[in-house]
Amino acid sequence: MRIGVPERFGRRMSIGPFEHPRDFLRFLLFGSIAGLVTLLAGVLWGLLILVVGGALLLVRIREDSLLSLSLRVVAFHAHRHRGRPPTGTITAGGWRDVVGRNWRFYVRAPYPIFGRTAEDLHMLALRFTKILAGAHAQELILCRVPEPWDAEVFQLEARPQTPAFDEYHTLVQESCRGQFHSSLLLGIPFTDGLDRGTEENLAREGWVPLRGVRLQRFLSFLLMGS
């Protein structure tokens, strides 16, 4: 997460049309490259590089330049395909790693923090840590993953065959298409079975066991990076 530093009163950090001095230095770099290309290939090619560089630095989306966003995408894909992928077997109930441990996975919505005091959050963290300590696992998987919205969650229990309901059904489907929300994923390894008390404590905290298609989707994202 990046936190912007506010400008000093009476002194702007921007230089001309560039929002930050860093963008101005990058434009000078593009200008140097354009000058070198002009000497080697001609004026048109140098002008094209200068125009493209200016567009990447001046066009902004949510306070970030196109160049910054492009660099983030490249860094994400480079990190995503780095090294060997995890090995193991996806089973009907979870995942079996290379040493023979079976992993059971749970999911819940992110913990709300708005409106809670520091003491409340501290007690929540202690309670969750105590539950995990009771699982007697040497390692765990805890991460935030994207999950597509399911239109069925917003459907009415009674489904009258009326034009109004058909329009509502279409509206829900169109609103959920391509939209994602965050979920917390917890994976716990076990050998002889997970302690029943741990499962009950997780259920009281809102953690739901993952099964079926939803489990396969989470494991594919987590283990295969897709």
# chains A, B, ... in the order shown; residues from 1 in each chain; ligands from 1
>>> residues_around(residues="A:Asn201", least_positions_apart="5", cutoff="10 Å", atoms="only C-alpha atoms", output="list in words")
Arg127, Phe128, Lys130, Ile131, Leu132, Gly134, Arg196, Gly206 and Trp207 of chain A
>>> select_by_dssp(residues="stretch 53-163 of chain A", states="strand (DSSP E or B)", output="tab-separated table (two decimals) with N, CA and C atoms, in the first residue's frame")
chain	number	residue	atom	x	y	z
A	60	ARG	N	-3.69	9.67	-16.47
A	60	ARG	CA	-3.73	9.08	-15.14
A	60	ARG	C	-5.06	8.39	-14.91
A	61	ILE	N	-5.00	7.26	-14.21
A	61	ILE	CA	-6.18	6.50	-13.83
A	61	ILE	C	-6.11	6.30	-12.32
A	64	ASP	N	-2.85	7.37	-10.66
A	64	ASP	CA	-1.64	6.68	-11.09
A	64	ASP	C	-1.49	6.85	-12.60
A	65	SER	N	-0.27	7.08	-13.04
A	65	SER	CA	-0.03	7.21	-14.47
A	65	SER	C	-0.09	5.86	-15.14
A	89	THR	N	-1.47	-32.85	-4.70
A	89	THR	CA	-2.66	-33.39	-5.37
A	89	THR	C	-3.90	-32.73	-4.81
A	90	ILE	N	-4.75	-32.19	-5.69
A	90	ILE	CA	-6.04	-31.66	-5.28
A	90	ILE	C	-7.02	-32.82	-5.15
A	95	TRP	N	-6.48	-30.70	-0.21
A	95	TRP	CA	-5.22	-30.79	-0.93
A	95	TRP	C	-4.27	-31.67	-0.14
A	96	ARG	N	-3.58	-32.57	-0.83
A	96	ARG	CA	-2.57	-33.43	-0.21
A	96	ARG	C	-1.21	-32.99	-0.73
A	102	ASN	N	-2.82	-33.94	4.58
A	102	ASN	CA	-4.08	-33.47	4.00
A	102	ASN	C	-4.41	-32.10	4.58
A	103	TRP	N	-4.75	-31.19	3.70
A	103	TRP	CA	-5.10	-29.83	4.11
A	103	TRP	C	-6.60	-29.64	4.01
A	104	ARG	N	-7.17	-29.06	5.04
A	104	ARG	CA	-8.59	-28.69	5.03
A	104	ARG	C	-8.68	-27.17	5.00
A	105	PHE	N	-9.59	-26.67	4.19
A	105	PHE	CA	-9.67	-25.23	3.96
A	105	PHE	C	-11.01	-24.67	4.45
A	106	TYR	N	-10.94	-23.44	4.95
A	106	TYR	CA	-12.10	-22.72	5.44
A	106	TYR	C	-12.08	-21.31	4.85
A	107	VAL	N	-13.24	-20.72	4.77
A	107	VAL	CA	-13.37	-19.39	4.18
A	107	VAL	C	-14.36	-18.57	4.99
A	108	ARG	N	-14.15	-17.27	5.01
A	108	ARG	CA	-15.09	-16.35	5.62
A	108	ARG	C	-14.86	-14.95	5.03
A	141	ILE	N	-1.98	-21.81	6.17
A	141	ILE	CA	-2.15	-20.94	5.01
A	141	ILE	C	-3.26	-19.95	5.35
A	142	LEU	N	-2.94	-18.67	5.32
A	142	LEU	CA	-3.93	-17.63	5.59
A	142	LEU	C	-3.68	-16.51	4.59
A	143	CYS	N	-4.65	-16.27	3.73
A	143	CYS	CA	-4.48	-15.26	2.70
A	143	CYS	C	-5.84	-14.71	2.29
A	144	ARG	N	-5.79	-13.58	1.63
A	144	ARG	CA	-7.00	-12.97	1.08
A	144	ARG	C	-7.03	-13.25	-0.41
A	145	VAL	N	-8.16	-13.76	-0.89
A	145	VAL	CA	-8.28	-14.15	-2.29
A	145	VAL	C	-9.54	-13.52	-2.88
A	146	PRO	N	-9.53	-13.24	-4.19
A	146	PRO	CA	-10.73	-12.71	-4.84
A	146	PRO	C	-11.71	-13.83	-5.16
A	147	GLU	N	-12.98	-13.50	-5.06
A	147	GLU	CA	-14.04	-14.47	-5.36
A	147	GLU	C	-15.15	-13.78	-6.13
A	148	PRO	N	-15.62	-14.35	-7.22
A	148	PRO	CA	-16.69	-13.70	-7.99
A	148	PRO	C	-18.00	-13.70	-7.21
>>> select_by_dssp(residues="stretch 23-70 of chain A", states="helix (DSSP H, G or I)", output="NGL selection string")
:A and (23-41 or 43-58 or 66-70)
>>> atom_distance(atom1="atom CA of A:Pro189", atom2="atom CA of A:Arg101")
6.0 Å
>>> closest_residue(among="A:Leu126, A:Ala151, A:Asp97, A:Phe180", to="A:Tyr168", atoms="only C-alpha atoms")
A:Ala151
